[in-house]
Amino acid sequence: MRIKYILNKDPRVKDFNNLVINNFPLLLTEKRPELYLVAGGDGAMLHAIHDTIDKDIPYLGKALGTFNFLMNNIDDDISVIQGLLDDSIKIETFTTYTIKAFLNGKKIGEAVNDVILGNKLYDYFTFNISTESKDLENFEVKGSGICISTAIGSTAFNYNNGGRILPLDSEFLSITGVVCNRYLNDILPFQNIHITSNGARIYLTNSNSKVLKEGDKLLLKKGSEIKLAFLDKNEFLKRRIEISHRFRK
C-alpha cells in the first residue's frame with residue numbers, strides 16, 4: 001500500500017515526525033497514495049482532511065492528542081507502518097460526509113466537522129431555520145449561536161454543547177443551540193438546510209469567518225464523501241459507544 005504522511009507542527013508529534021523522516025522518508029514524497037497517515041489528535045485529523053478532501057483515499061490516524069476519538073492507538077509504530085506498506089496489516093473504513101456551505105448562492109467552504117453560527121458567548125442573534133424535510137420550518141430561535149455537526153464532528157464542539165454522538169457511517173446531522181431561548185437539540189437526515197440571521201458569523205473548518213447579515217441566505221447541503229480508517233474497528237466502536245453514554249449512571 002502506498003502511504004502519504006501529512007506532517008503537522010504540533011509539538012506532541014515531533015518524535016513521530018522524526019521516526020517517519022528517518023525510517024520511511026518516501027511517505028513524505030508519495031505522489032499517488034492509497035492511504036493518508038495523520039498523527040496527533042482529532043483536530044489534526046480534521047485539518048488534514050479539510051486540506052486534502054479526497055473521497056477515494058482513507059485517512060488513518062495515529063493517536064497523540066487529548067481525546068483521540070478519531071485516532072488509532074499504535075504501540076509499535078515501525079512494525080505497523082511496515083505492515084501497512086507491505087499489505088500484511090489490513091485496515092477497515094467508515095464512510096462519512098462533509099457539509100458544503102453556500103452564502104447567497106456562492107460556495108464559501110466545506111466543513112469536515114461542523115458549521116457554527118454566532119460570535120461571542122454574550123452576543124444575541126435571531127436565527128431562522130428551515131429544513132428540506134420540514135422537520136424545522138421557519139423555526140426561529142434566539143441566542144448566542146447554533147451548531148450543525150456532521151457525524152465525524154459530533155465528538156467535537158457538538159459533544160461539549162450537549163449534542164448527540166452520531167454513528168460515524170450514518171448520514172445524519174446534529175443541530176444544537178448555544179445559550180438559546182428555545183430548546184434546540186435535534187438529529188436530522190443529511191439534507192438542505194436554509195438559515196438566515198441578523199449578524200452572526202459563520203465558522204467552518206480552516207476557513208475565515210463570514211458574517212450572515214440580515215437578508216443573506218445560508219444554504220448547507222451534503223458535501224464530500226470521506227473515509228476514516230481503523231486498525232481495530234470494534235475497539236473504535238466500543239470507545240464511541242462509551243462516550244455516547246455519558247449521561248447514563
# chains A, B, ... in the order shown; residues from 1 in each chain; ligands from 1
>>> residues_around(residues="Ile202 of chain A", least_positions_apart="2", cutoff="8 Å", atoms="only C-alpha atoms", output="count of residues only")
10
>>> residues_around(residues="Leu46 of chain A", least_positions_apart="4", cutoff="8 Å", atoms="only C-alpha atoms", output="number ranges by chain")
A: 42, 50, 112-113, 205
>>> write_last_selection(atoms="N, CA and C atoms", output="PDB file, in the first residue's frame")
ATOM      1  N   ASP A  42      -7.694  14.682  17.333  1.00  0.00           N
ATOM      2  CA  ASP A  42      -8.805  14.804  16.383  1.00  0.00           C
ATOM      3  C   ASP A  42      -8.697  16.067  15.547  1.00  0.00           C
ATOM      4  N   HIS A  50      -9.587  18.378   5.789  1.00  0.00           N
ATOM      5  CA  HIS A  50     -10.016  19.613   5.126  1.00  0.00           C
ATOM      6  C   HIS A  50      -9.018  20.059   4.077  1.00  0.00           C
ATOM      7  N   VAL A 112     -15.649  19.880   7.556  1.00  0.00           N
ATOM      8  CA  VAL A 112     -15.454  18.469   7.875  1.00  0.00           C
ATOM      9  C   VAL A 112     -16.200  18.114   9.158  1.00  0.00           C
ATOM     10  N   ASN A 113     -16.129  18.992  10.157  1.00  0.00           N
ATOM     11  CA  ASN A 113     -16.734  18.664  11.448  1.00  0.00           C
ATOM     12  C   ASN A 113     -18.055  19.377  11.709  1.00  0.00           C
ATOM     13  N   THR A 205     -14.508  24.705   9.205  1.00  0.00           N
ATOM     14  CA  THR A 205     -13.167  24.162   9.429  1.00  0.00           C
ATOM     15  C   THR A 205     -12.142  24.871   8.553  1.00  0.00           C
TER      16      THR A 205
END
>>> closest_residue(among="A:Leu188, A:Leu218, A:Ala48, A:Leu35", to="Leu136 of chain A", atoms="only C-alpha atoms")
A:Leu188
>>> closest_residue(among="A:Ala44, A:Val178, A:Ile53, A:Leu37", to="Phe67 of chain A", atoms="only C-alpha atoms")
A:Ala44
>>> closest_residue(among="A:Gly215, A:Gly61, A:Ser88, A:Lys14", to="Ile74 of chain A", atoms="only C-alpha atoms")
A:Gly61
>>> closest_residue(among="A:Met1, A:Cys180, A:Leu70, A:Ile241", to="Phe94 of chain A", atoms="only C-alpha atoms")
A:Leu70
>>> closest_residue(among="A:Asn68, A:Ala111, A:Ser79, A:Asp56", to="Leu19 of chain A", atoms="only C-alpha atoms")
A:Ser79
>>> closest_residue(among="A:Leu219, A:Gly40, A:Arg32, A:Tyr159", to="Lys9 of chain A", atoms="only C-alpha atoms")
A:Gly40
>>> select_by_dssp(residues="segment 89-243 of chain A", states="strand (DSSP E)", output="count of residues only")
80
>>> residues_around(residues="Lys90 of chain A", least_positions_apart="2", cutoff="10 Å", atoms="only C-alpha atoms", output="short mmCIF file (atom, residue, chain, number, x, y, z; two decimals) with C-alpha atoms, in the first residue's frame")
data_model
loop_
_atom_site.label_atom_id
_atom_site.label_comp_id
_atom_site.auth_asym_id
_atom_site.auth_seq_id
_atom_site.Cartn_x
_atom_site.Cartn_y
_atom_site.Cartn_z
CA MET A 1 0.00 0.00 0.00
CA GLY A 83 2.85 -3.88 7.81
CA LEU A 84 0.65 -1.33 6.04
CA ASP A 86 3.60 -4.49 2.56
CA ASP A 87 -0.15 -5.19 2.99
CA SER A 88 0.30 -7.61 5.86
CA GLU A 92 -11.25 -1.16 7.97
CA ALA A 229 -9.52 4.05 8.51
CA PHE A 230 -9.05 1.94 11.64
CA LEU A 231 -6.81 -0.97 12.58
CA ASP A 232 -9.45 -2.28 15.00
#
>>> residues_around(residues="Lys106 of chain A", least_positions_apart="5", cutoff="12 Å", atoms="only C-alpha atoms", output="list in words")
Lys100, Ala101, Asp216, Lys217, Leu218, Leu219 and Leu220 of chain A
>>> residues_around(residues="Asn8 of chain A", least_positions_apart="2", cutoff="10 Å", atoms="only C-alpha atoms", output="ChimeraX atom specification")
/A:5-6,10-14,17,38-40,44,47-48
>>> select_by_dssp(residues="segment 41-223 of chain A", states="alpha helix (DSSP H)", output="PDB file with C-alpha atoms, in the first residue's frame")
ATOM      1  CA  ASP A  42      -8.805  14.804  16.383  1.00  0.00           C
ATOM      2  CA  GLY A  43      -8.017  18.398  15.417  1.00  0.00           C
ATOM      3  CA  ALA A  44      -5.034  17.253  13.370  1.00  0.00           C
ATOM      4  CA  MET A  45      -7.227  14.711  11.582  1.00  0.00           C
ATOM      5  CA  LEU A  46      -9.958  17.250  10.812  1.00  0.00           C
ATOM      6  CA  HIS A  47      -7.446  19.770   9.456  1.00  0.00           C
ATOM      7  CA  ALA A  48      -5.705  17.115   7.358  1.00  0.00           C
ATOM      8  CA  ILE A  49      -8.995  16.023   5.828  1.00  0.00           C
ATOM      9  CA  HIS A  50     -10.016  19.613   5.126  1.00  0.00           C
ATOM     10  CA  ASP A  51      -6.682  20.356   3.436  1.00  0.00           C
ATOM     11  CA  THR A  52      -6.888  17.345   1.109  1.00  0.00           C
ATOM     12  CA  ASP A  77       4.969   2.421  15.003  1.00  0.00           C
ATOM     13  CA  ILE A  78       7.644   0.915  12.768  1.00  0.00           C
ATOM     14  CA  SER A  79       6.037  -2.535  12.619  1.00  0.00           C
ATOM     15  CA  VAL A  80       2.580  -1.106  11.890  1.00  0.00           C
ATOM     16  CA  ILE A  81       3.786   1.261   9.161  1.00  0.00           C
ATOM     17  CA  GLN A  82       5.823  -1.512   7.560  1.00  0.00           C
ATOM     18  CA  GLY A  83       2.852  -3.878   7.810  1.00  0.00           C
ATOM     19  CA  LEU A  84       0.647  -1.331   6.043  1.00  0.00           C
ATOM     20  CA  LEU A  85       3.256  -0.793   3.339  1.00  0.00           C
ATOM     21  CA  PHE A 157     -17.960  21.162  19.737  1.00  0.00           C
ATOM     22  CA  ASN A 158     -21.298  19.362  19.360  1.00  0.00           C
ATOM     23  CA  TYR A 159     -20.320  16.910  22.107  1.00  0.00           C
ATOM     24  CA  ASN A 160     -19.323  19.714  24.501  1.00  0.00           C
TER      25      ASN A 160
END
>>> atom_distance(atom1="atom CA of Leu121 of chain A", atom2="atom CA of Gly199 of chain A")
14.0 Å
>>> atom_distance(atom1="atom CA of Ile193 of chain A", atom2="atom CA of Ile129 of chain A")
7.1 Å
>>> residues_around(residues="Thr150 of chain A", least_positions_apart="4", cutoff="10 Å", atoms="only C-alpha atoms", output="tab-separated table (two decimals) with C-alpha atoms, in the first residue's frame")
chain	number	residue	atom	x	y	z
A	96	THR	CA	-18.87	9.87	6.37
A	97	TYR	CA	-19.62	13.23	4.75
A	98	THR	CA	-18.76	16.92	4.99
A	99	ILE	CA	-21.11	19.93	4.87
A	111	ALA	CA	-16.88	21.81	6.81
A	112	VAL	CA	-15.45	18.47	7.88
A	113	ASN	CA	-16.73	18.66	11.45
A	114	ASP	CA	-19.34	21.40	11.85
A	115	VAL	CA	-20.75	24.75	10.86
A	154	SER	CA	-20.20	15.12	16.62
A	155	THR	CA	-17.49	14.35	19.19
A	156	ALA	CA	-16.09	17.89	18.98
A	158	ASN	CA	-21.30	19.36	19.36
A	165	ILE	CA	-22.87	11.44	19.25
A	166	LEU	CA	-23.72	10.20	15.75
A	167	PRO	CA	-22.72	6.82	14.28
A	168	LEU	CA	-19.73	7.61	12.09
A	170	SER	CA	-24.60	7.44	9.35
A	171	GLU	CA	-26.00	10.13	7.06
A	172	PHE	CA	-27.26	12.32	9.88
A	173	LEU	CA	-26.58	15.78	11.25
A	174	SER	CA	-26.80	17.02	14.84
A	175	ILE	CA	-28.08	20.58	15.37
A	190	PHE	CA	-28.44	14.89	5.78
A	222	LYS	CA	-24.37	17.28	1.81
>>> atom_distance(atom1="atom CA of Lys142 of chain A", atom2="atom CA of Ile243 of chain A")
29.2 Å
